[in-house]
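J.: The structure under discussion is supplied below as C-alpha coordinates; questions concerning it will follow.
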Amino acid sequence: MESSSPSVPFPLLQAPVESTYRACTIPYRFPSDNPRKATPVEIQWIDLFLNSVPSFKQRAENDPTVPDAPAKAEKFAQRYTSMLEELKKNPESHGGPPDCILLCRLRELVLRELGFRDIFKKVKDEENAKAMSLFEGVIKRNDEIEDDGKRIENLVRGILAGNIFDLGSAQKFLLKMACHFWQVARILYLDHGLLMTLMLLRVNGPRNHGKRQLFLLITLVLILSWVYYHLRGSCSDVAQR
(Lines give C-alpha, C1' and ligand atoms only; values in the text may rest on other atoms or scores of the structure.)
Protein backbone atom coordinates (compact mmCIF):
# COMPACT_ATOMS: atom_id res chain seq x y z
CA MET A 1 0.00 0.00 0.00
CA GLU A 2 1.33 3.43 -0.91
CA SER A 3 1.80 6.07 1.76
CA SER A 4 0.20 9.49 1.49
CA SER A 5 3.09 11.06 3.41
CA PRO A 6 5.59 13.21 1.49
CA SER A 7 8.94 11.68 0.53
CA VAL A 8 11.95 12.96 2.48
CA PRO A 9 15.71 12.19 2.31
CA PHE A 10 16.97 9.55 4.73
CA PRO A 11 18.01 11.64 7.77
CA LEU A 12 21.15 9.62 8.64
CA LEU A 13 22.90 10.33 5.33
CA GLN A 14 26.04 12.40 5.81
CA ALA A 15 25.28 14.67 2.85
CA PRO A 16 22.06 15.72 1.07
CA VAL A 17 20.94 12.88 -1.18
CA GLU A 18 20.10 15.31 -3.98
CA SER A 19 23.76 16.32 -4.37
CA THR A 20 25.54 13.00 -3.88
CA TYR A 21 23.32 10.11 -4.92
CA ARG A 22 22.68 8.89 -8.44
CA ALA A 23 20.80 5.65 -8.90
CA CYS A 24 21.90 5.04 -12.51
CA THR A 25 25.64 4.66 -12.03
CA ILE A 26 26.30 3.03 -15.42
CA PRO A 27 26.53 5.79 -18.04
CA TYR A 28 24.42 5.61 -21.18
CA ARG A 29 26.52 8.36 -22.73
CA PHE A 30 29.81 10.20 -22.27
CA PRO A 31 30.50 13.95 -22.20
CA SER A 32 31.96 13.71 -25.69
CA ASP A 33 28.73 12.25 -27.17
CA ASN A 34 26.46 14.43 -29.28
CA PRO A 35 23.62 15.55 -26.93
CA ARG A 36 21.13 15.56 -29.82
CA LYS A 37 21.95 12.05 -31.04
CA ALA A 38 21.03 8.89 -29.15
CA THR A 39 24.02 6.73 -28.23
CA PRO A 40 24.15 3.01 -29.09
CA VAL A 41 23.54 2.10 -25.45
CA GLU A 42 20.54 4.44 -25.25
CA ILE A 43 19.09 2.94 -28.43
CA GLN A 44 19.52 -0.59 -27.09
CA TRP A 45 17.72 0.19 -23.86
CA ILE A 46 14.97 2.11 -25.64
CA ASP A 47 14.51 -0.94 -27.89
CA LEU A 48 14.37 -3.16 -24.82
CA PHE A 49 11.52 -1.05 -23.43
CA LEU A 50 9.83 -0.97 -26.84
CA ASN A 51 9.87 -4.76 -26.94
CA SER A 52 8.17 -4.87 -23.54
CA VAL A 53 5.21 -2.71 -24.61
CA PRO A 54 3.05 -5.64 -25.85
CA SER A 55 3.41 -7.54 -22.56
CA PHE A 56 2.58 -4.41 -20.54
CA LYS A 57 -0.40 -3.77 -22.78
CA GLN A 58 -1.65 -7.32 -22.24
CA ARG A 59 -1.40 -7.02 -18.47
CA ALA A 60 -3.16 -3.65 -18.57
CA GLU A 61 -5.98 -5.13 -20.66
CA ASN A 62 -6.60 -7.71 -17.93
CA ASP A 63 -6.60 -5.24 -15.02
CA PRO A 64 -10.00 -5.75 -13.35
CA THR A 65 -9.76 -2.49 -11.39
CA VAL A 66 -9.86 -0.22 -14.46
CA PRO A 67 -13.09 0.38 -16.42
CA ASP A 68 -12.73 -0.10 -20.18
CA ALA A 69 -9.25 -1.51 -19.62
CA PRO A 70 -8.66 -2.86 -23.18
CA ALA A 71 -9.24 0.53 -24.83
CA LYS A 72 -7.08 2.32 -22.26
CA ALA A 73 -4.36 -0.31 -22.65
CA GLU A 74 -4.28 0.43 -26.38
CA LYS A 75 -3.89 4.15 -25.64
CA PHE A 76 -1.03 3.34 -23.28
CA ALA A 77 0.78 1.33 -25.94
CA GLN A 78 0.41 4.10 -28.51
CA ARG A 79 1.49 6.94 -26.20
CA TYR A 80 4.46 5.17 -24.67
CA THR A 81 5.70 3.84 -28.00
CA SER A 82 5.52 7.37 -29.39
CA MET A 83 7.59 8.68 -26.46
CA LEU A 84 10.27 6.04 -26.96
CA GLU A 85 10.51 6.72 -30.68
CA GLU A 86 10.85 10.44 -29.98
CA LEU A 87 13.68 9.74 -27.52
CA LYS A 88 15.49 7.86 -30.27
CA LYS A 89 15.26 10.88 -32.55
CA ASN A 90 15.92 13.45 -29.83
CA PRO A 91 17.41 12.11 -26.57
CA GLU A 92 16.80 15.47 -24.89
CA SER A 93 13.01 15.13 -25.23
CA HIS A 94 10.71 14.04 -22.39
CA GLY A 95 13.22 15.03 -19.72
CA GLY A 96 16.13 13.15 -21.31
CA PRO A 97 18.80 12.09 -21.93
CA PRO A 98 17.27 8.71 -21.13
CA ASP A 99 18.34 6.25 -18.50
CA CYS A 100 16.55 3.28 -17.01
CA ILE A 101 14.84 5.40 -14.35
CA LEU A 102 13.47 7.89 -16.88
CA LEU A 103 12.21 5.14 -19.20
CA CYS A 104 10.43 3.45 -16.29
CA ARG A 105 9.07 6.76 -15.00
CA LEU A 106 7.60 7.71 -18.37
CA ARG A 107 5.95 4.32 -18.69
CA GLU A 108 4.47 4.58 -15.20
CA LEU A 109 3.31 8.13 -15.89
CA VAL A 110 1.33 7.06 -18.95
CA LEU A 111 -0.19 4.10 -17.12
CA ARG A 112 -1.28 6.24 -14.18
CA GLU A 113 -2.74 8.94 -16.40
CA LEU A 114 -4.99 6.25 -17.86
CA GLY A 115 -6.02 4.95 -14.44
CA PHE A 116 -3.71 1.93 -14.07
CA ARG A 117 -2.31 1.93 -10.54
CA ASP A 118 -0.38 -1.35 -10.61
CA ILE A 119 -0.82 -3.79 -13.47
CA PHE A 120 1.58 -6.23 -11.78
CA LYS A 121 -0.13 -6.38 -8.38
CA LYS A 122 -1.36 -9.95 -8.82
CA VAL A 123 1.98 -11.34 -9.96
CA LYS A 124 3.79 -9.36 -7.25
CA ASP A 125 1.62 -10.90 -4.55
CA GLU A 126 2.23 -14.38 -5.95
CA GLU A 127 6.00 -13.97 -6.33
CA ASN A 128 6.37 -12.31 -2.92
CA ALA A 129 4.64 -15.25 -1.26
CA LYS A 130 6.96 -17.70 -3.03
CA ALA A 131 10.06 -15.64 -2.22
CA MET A 132 9.23 -15.30 1.47
CA SER A 133 8.73 -19.05 1.75
CA LEU A 134 12.30 -19.58 0.46
CA PHE A 135 14.03 -16.58 2.02
CA GLU A 136 15.04 -18.12 5.36
CA GLY A 137 16.57 -21.17 3.70
CA VAL A 138 18.56 -19.06 1.22
CA ILE A 139 20.01 -16.89 4.00
CA LYS A 140 20.83 -19.93 6.10
CA ARG A 141 22.70 -21.62 3.25
CA ASN A 142 24.68 -18.46 2.58
CA ASP A 143 25.62 -18.10 6.26
CA GLU A 144 26.90 -21.68 6.25
CA ILE A 145 29.58 -20.83 3.66
CA GLU A 146 32.75 -20.42 5.72
CA ASP A 147 35.04 -18.98 3.05
CA ASP A 148 34.55 -15.19 2.85
CA GLY A 149 35.29 -15.05 -0.87
CA LYS A 150 32.86 -17.83 -1.75
CA ARG A 151 30.17 -16.32 0.47
CA ILE A 152 30.51 -12.96 -1.27
CA GLU A 153 30.54 -14.68 -4.66
CA ASN A 154 27.32 -16.48 -3.75
CA LEU A 155 25.70 -13.15 -2.84
CA VAL A 156 26.86 -11.56 -6.11
CA ARG A 157 25.46 -14.49 -8.08
CA GLY A 158 22.15 -14.07 -6.29
CA ILE A 159 22.07 -10.35 -7.03
CA LEU A 160 22.77 -10.93 -10.72
CA ALA A 161 20.18 -13.72 -10.92
CA GLY A 162 17.59 -11.55 -9.20
CA ASN A 163 18.15 -8.67 -11.59
CA ILE A 164 17.98 -10.93 -14.63
CA PHE A 165 14.75 -12.44 -13.31
CA ASP A 166 13.34 -8.97 -12.67
CA LEU A 167 14.29 -7.62 -16.09
CA GLY A 168 13.23 -10.70 -18.02
CA SER A 169 14.97 -12.75 -20.66
CA ALA A 170 14.50 -10.38 -23.59
CA GLN A 171 16.14 -11.24 -26.89
CA LYS A 172 19.76 -10.13 -27.19
CA PHE A 173 19.80 -9.51 -23.43
CA LEU A 174 23.25 -11.06 -23.04
CA LEU A 175 24.71 -8.89 -25.77
CA LYS A 176 23.01 -5.79 -24.42
CA MET A 177 24.52 -6.41 -21.00
CA ALA A 178 27.91 -7.12 -22.57
CA CYS A 179 27.78 -3.77 -24.34
CA HIS A 180 26.62 -2.18 -21.11
CA PHE A 181 29.51 -3.63 -19.12
CA TRP A 182 31.92 -2.61 -21.86
CA GLN A 183 30.86 1.00 -21.40
CA VAL A 184 31.86 0.63 -17.75
CA ALA A 185 35.11 -1.08 -18.69
CA ARG A 186 36.00 1.88 -20.88
CA ILE A 187 35.81 4.13 -17.84
CA LEU A 188 37.49 1.78 -15.35
CA TYR A 189 40.33 0.53 -17.51
CA LEU A 190 40.92 3.26 -20.05
CA ASP A 191 40.08 6.40 -18.09
CA HIS A 192 40.81 5.25 -14.54
CA GLY A 193 43.41 2.53 -14.95
CA LEU A 194 45.58 3.97 -12.18
CA LEU A 195 42.64 4.02 -9.77
CA MET A 196 41.89 0.36 -10.48
CA THR A 197 45.54 -0.54 -9.89
CA LEU A 198 45.48 1.22 -6.53
CA MET A 199 42.28 -0.60 -5.59
CA LEU A 200 43.89 -3.94 -6.41
CA LEU A 201 46.92 -3.12 -4.28
CA ARG A 202 44.70 -2.02 -1.42
CA VAL A 203 42.82 -5.32 -1.25
CA ASN A 204 45.94 -7.41 -1.84
CA GLY A 205 46.79 -9.28 1.33
CA PRO A 206 45.83 -12.29 3.44
CA ARG A 207 43.25 -10.36 5.44
CA ASN A 208 41.43 -9.15 2.35
CA HIS A 209 40.90 -12.45 0.58
CA GLY A 210 37.15 -11.90 0.26
CA LYS A 211 37.54 -8.41 -1.17
CA ARG A 212 40.17 -9.64 -3.61
CA GLN A 213 37.89 -12.44 -4.77
CA LEU A 214 35.06 -9.99 -5.37
CA PHE A 215 37.37 -7.63 -7.25
CA LEU A 216 38.64 -10.45 -9.46
CA LEU A 217 35.07 -11.61 -10.13
CA ILE A 218 34.04 -8.14 -11.29
CA THR A 219 37.19 -7.90 -13.41
CA LEU A 220 36.40 -11.26 -15.02
CA VAL A 221 32.88 -10.12 -15.88
CA LEU A 222 34.24 -6.98 -17.52
CA ILE A 223 36.84 -8.91 -19.51
CA LEU A 224 34.28 -11.47 -20.73
CA SER A 225 31.95 -8.63 -21.68
CA TRP A 226 34.73 -7.00 -23.68
CA VAL A 227 35.49 -10.27 -25.50
CA TYR A 228 31.83 -10.97 -26.27
CA TYR A 229 31.34 -7.38 -27.40
CA HIS A 230 34.16 -7.63 -29.93
CA LEU A 231 33.29 -11.14 -31.13
CA ARG A 232 29.70 -10.19 -31.95
CA GLY A 233 30.38 -6.72 -33.35
CA SER A 234 29.88 -3.24 -32.02
CA CYS A 235 26.82 -2.21 -30.05
CA SER A 236 25.70 0.07 -32.86
CA ASP A 237 25.79 -2.86 -35.29
CA VAL A 238 23.57 -4.92 -33.00
CA ALA A 239 21.13 -2.06 -32.52
CA GLN A 240 20.61 -1.88 -36.28
CA ARG A 241 19.87 -5.63 -36.68
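The way I read the labels, and the way they are meant: chains A, B, ... in the order of the C-alpha coordinates, residue 1 as the first residue of every chain, and ligand 1 as the first ligand shown, with later ones counted on from there.
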For segment 87-147 of chain A versus segment 25-41 of chain A, which residues have an atom no more than 9 Å away, and what is each residue's nearest atom pair and distance in Å rounded to one decimal, using only C-alpha atoms, chain-then-number order, as a Markdown table?
T.:
```
| residue | atom | partner | partner_atom | distance |
| --- | --- | --- | --- | --- |
| A:Leu87 | CA | A:Ala38 | CA | 7.6 |
| A:Lys88 | CA | A:Ala38 | CA | 5.7 |
| A:Lys89 | CA | A:Lys37 | CA | 7.0 |
| A:Asn90 | CA | A:Arg36 | CA | 5.6 |
| A:Pro91 | CA | A:Ala38 | CA | 5.5 |
| A:Glu92 | CA | A:Arg36 | CA | 6.6 |
| A:Pro97 | CA | A:Pro35 | CA | 7.8 |
| A:Pro98 | CA | A:Tyr28 | CA | 7.8 |
| A:Asp99 | CA | A:Tyr28 | CA | 6.7 |
```
J.: Restrict the selected residues to N, CA, C and O atoms and save them as an mmCIF file, in the first residue's frame.
T.:
```cif
data_model
loop_
_atom_site.group_PDB
_atom_site.id
_atom_site.type_symbol
_atom_site.label_atom_id
_atom_site.label_comp_id
_atom_site.auth_asym_id
_atom_site.auth_seq_id
_atom_site.Cartn_x
_atom_site.Cartn_y
_atom_site.Cartn_z
ATOM 1 N N LEU A 87 12.395 9.739 -28.226
ATOM 2 C CA LEU A 87 13.677 9.742 -27.525
ATOM 3 C C LEU A 87 14.801 9.239 -28.426
ATOM 4 O O LEU A 87 15.946 9.682 -28.305
ATOM 5 N N LYS A 88 14.482 8.320 -29.320
ATOM 6 C CA LYS A 88 15.489 7.865 -30.275
ATOM 7 C C LYS A 88 15.929 9.003 -31.191
ATOM 8 O O LYS A 88 17.113 9.158 -31.496
ATOM 9 N N LYS A 89 14.959 9.789 -31.632
ATOM 10 C CA LYS A 89 15.260 10.884 -32.554
ATOM 11 C C LYS A 89 15.884 12.070 -31.831
ATOM 12 O O LYS A 89 16.749 12.755 -32.372
ATOM 13 N N ASN A 90 15.420 12.315 -30.609
ATOM 14 C CA ASN A 90 15.921 13.449 -29.831
ATOM 15 C C ASN A 90 16.052 13.023 -28.373
ATOM 16 O O ASN A 90 15.074 13.053 -27.623
ATOM 17 N N PRO A 91 17.243 12.609 -27.941
ATOM 18 C CA PRO A 91 17.411 12.107 -26.569
ATOM 19 C C PRO A 91 17.180 13.159 -25.489
ATOM 20 O O PRO A 91 17.098 12.808 -24.310
ATOM 21 N N GLU A 92 17.059 14.420 -25.877
ATOM 22 C CA GLU A 92 16.800 15.468 -24.891
ATOM 23 C C GLU A 92 15.305 15.683 -24.659
ATOM 24 O O GLU A 92 14.918 16.491 -23.814
ATOM 25 N N PRO A 97 18.558 13.377 -21.274
ATOM 26 C CA PRO A 97 18.801 12.092 -21.933
ATOM 27 C C PRO A 97 18.288 10.911 -21.115
ATOM 28 O O PRO A 97 18.225 10.980 -19.890
ATOM 29 N N PRO A 98 17.926 9.828 -21.809
ATOM 30 C CA PRO A 98 17.268 8.711 -21.132
ATOM 31 C C PRO A 98 18.221 7.850 -20.320
ATOM 32 O O PRO A 98 19.386 7.688 -20.658
ATOM 33 N N ASP A 99 17.708 7.340 -19.231
ATOM 34 C CA ASP A 99 18.340 6.252 -18.496
ATOM 35 C C ASP A 99 17.211 5.329 -18.058
ATOM 36 O O ASP A 99 16.041 5.575 -18.367
#
```
J.: Excluding segment 70-77 of chain A and its own-chain neighbours fewer than 5 positions away, which residues fall within 6 Å of it when counting only C-alpha atoms? Please give them as a list in words.
T.: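 Contacts, with the query itself left out: Lys57, Ala60 and Glu61 of chain A.
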J.: Write out, as JSON lines, each residue of segment 96-133 of chain A that has an atom at most 12 Å from segment 139-155 of chain A, together with the closest pair of atoms and their distance in Å to one decimal, counting only C-alpha atoms, rows going by chain and rising number.
T.:
```
{"residue": "A:Ala131", "atom": "CA", "partner": "A:Ile139", "partner_atom": "CA", "distance": 11.8}
{"residue": "A:Met132", "atom": "CA", "partner": "A:Ile139", "partner_atom": "CA", "distance": 11.2}
{"residue": "A:Ser133", "atom": "CA", "partner": "A:Ile139", "partner_atom": "CA", "distance": 11.7}
```
J.: Give the answer as one residue: which of A:Phe135, A:Phe116, A:Phe10, A:Phe49 has the shortest atom-to-atom distance to Ala69 of chain A, using only C-alpha atoms?
T.: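 Answer, going by the shortest atom-to-atom distance: A:Phe116.
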J.: May I have the residues within 12 Å of Gly95 of chain A as a PyMOL selection string, using only C-alpha atoms and disregarding those fewer than 6 positions away in the same chain?
T.: chain A and resi 83-84+86-87+101-103+105-106
J.: For the selection you just gave me, I'd like the residues written to a file as a CSV table (one decimal), in the first residue's frame, keeping all heavy atoms.
T.:
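Printed below is again.csv as written:
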```csv
chain,number,residue,atom,x,y,z
A,83,MET,N,6.6,8.1,-27.3
A,83,MET,CA,7.6,8.7,-26.5
A,83,MET,C,9.0,8.1,-26.7
A,83,MET,O,10.0,8.8,-26.9
A,83,MET,CB,7.2,8.5,-25.0
A,83,MET,CG,6.1,9.4,-24.5
A,83,MET,SD,5.8,9.2,-22.7
A,83,MET,CE,4.7,10.5,-22.4
A,84,LEU,N,9.0,6.7,-26.8
A,84,LEU,CA,10.3,6.0,-27.0
A,84,LEU,C,10.9,6.4,-28.3
A,84,LEU,O,12.1,6.6,-28.5
A,84,LEU,CB,10.1,4.5,-26.8
A,84,LEU,CG,9.7,4.1,-25.4
A,84,LEU,CD1,9.4,2.6,-25.4
A,84,LEU,CD2,10.7,4.4,-24.4
A,86,GLU,N,10.4,9.0,-30.0
A,86,GLU,CA,10.8,10.4,-30.0
A,86,GLU,C,12.2,10.5,-29.3
A,86,GLU,O,13.1,11.4,-29.7
A,86,GLU,CB,9.8,11.3,-29.3
A,86,GLU,CG,8.5,11.5,-30.1
A,86,GLU,CD,7.4,12.2,-29.3
A,86,GLU,OE1,7.7,12.7,-28.2
A,86,GLU,OE2,6.3,12.3,-29.8
A,87,LEU,N,12.4,9.7,-28.2
A,87,LEU,CA,13.7,9.7,-27.5
A,87,LEU,C,14.8,9.2,-28.4
A,87,LEU,O,15.9,9.7,-28.3
A,87,LEU,CB,13.6,8.9,-26.3
A,87,LEU,CG,12.9,9.5,-25.1
A,87,LEU,CD1,12.6,8.5,-24.0
A,87,LEU,CD2,13.8,10.6,-24.5
A,101,ILE,N,15.8,4.8,-15.2
A,101,ILE,CA,14.8,5.4,-14.4
A,101,ILE,C,13.9,6.2,-15.1
A,101,ILE,O,12.6,6.2,-14.9
A,101,ILE,CB,15.5,6.2,-13.3
A,101,ILE,CG1,16.3,5.3,-12.3
A,101,ILE,CG2,14.5,7.1,-12.5
A,101,ILE,CD1,17.0,6.1,-11.2
A,102,LEU,N,14.4,7.1,-16.1
A,102,LEU,CA,13.5,7.9,-16.9
A,102,LEU,C,12.5,7.0,-17.7
A,102,LEU,O,11.3,7.3,-17.8
A,102,LEU,CB,14.3,8.8,-17.8
A,102,LEU,CG,13.5,9.7,-18.7
A,102,LEU,CD1,12.6,10.7,-17.9
A,102,LEU,CD2,14.4,10.5,-19.7
A,103,LEU,N,13.0,6.0,-18.4
A,103,LEU,CA,12.2,5.1,-19.2
A,103,LEU,C,11.1,4.5,-18.4
A,103,LEU,O,10.0,4.4,-18.8
A,103,LEU,CB,13.1,4.1,-19.9
A,103,LEU,CG,14.1,4.6,-20.9
A,103,LEU,CD1,15.0,3.5,-21.4
A,103,LEU,CD2,13.5,5.4,-22.0
A,105,ARG,N,9.9,5.7,-15.5
A,105,ARG,CA,9.1,6.8,-15.0
A,105,ARG,C,8.1,7.2,-16.1
A,105,ARG,O,6.9,7.4,-15.7
A,105,ARG,CB,9.9,7.9,-14.5
A,105,ARG,CG,9.1,9.1,-13.9
A,105,ARG,CD,10.1,10.2,-13.4
A,105,ARG,NE,10.9,9.7,-12.3
A,105,ARG,CZ,12.2,10.0,-12.1
A,105,ARG,NH1,12.8,10.8,-12.9
A,105,ARG,NH2,12.8,9.5,-11.0
A,106,LEU,N,8.5,7.3,-17.3
A,106,LEU,CA,7.6,7.7,-18.4
A,106,LEU,C,6.5,6.7,-18.6
A,106,LEU,O,5.3,7.0,-18.8
A,106,LEU,CB,8.4,7.9,-19.7
A,106,LEU,CG,9.3,9.1,-19.7
A,106,LEU,CD1,10.1,9.1,-21.0
A,106,LEU,CD2,8.5,10.4,-19.6
```
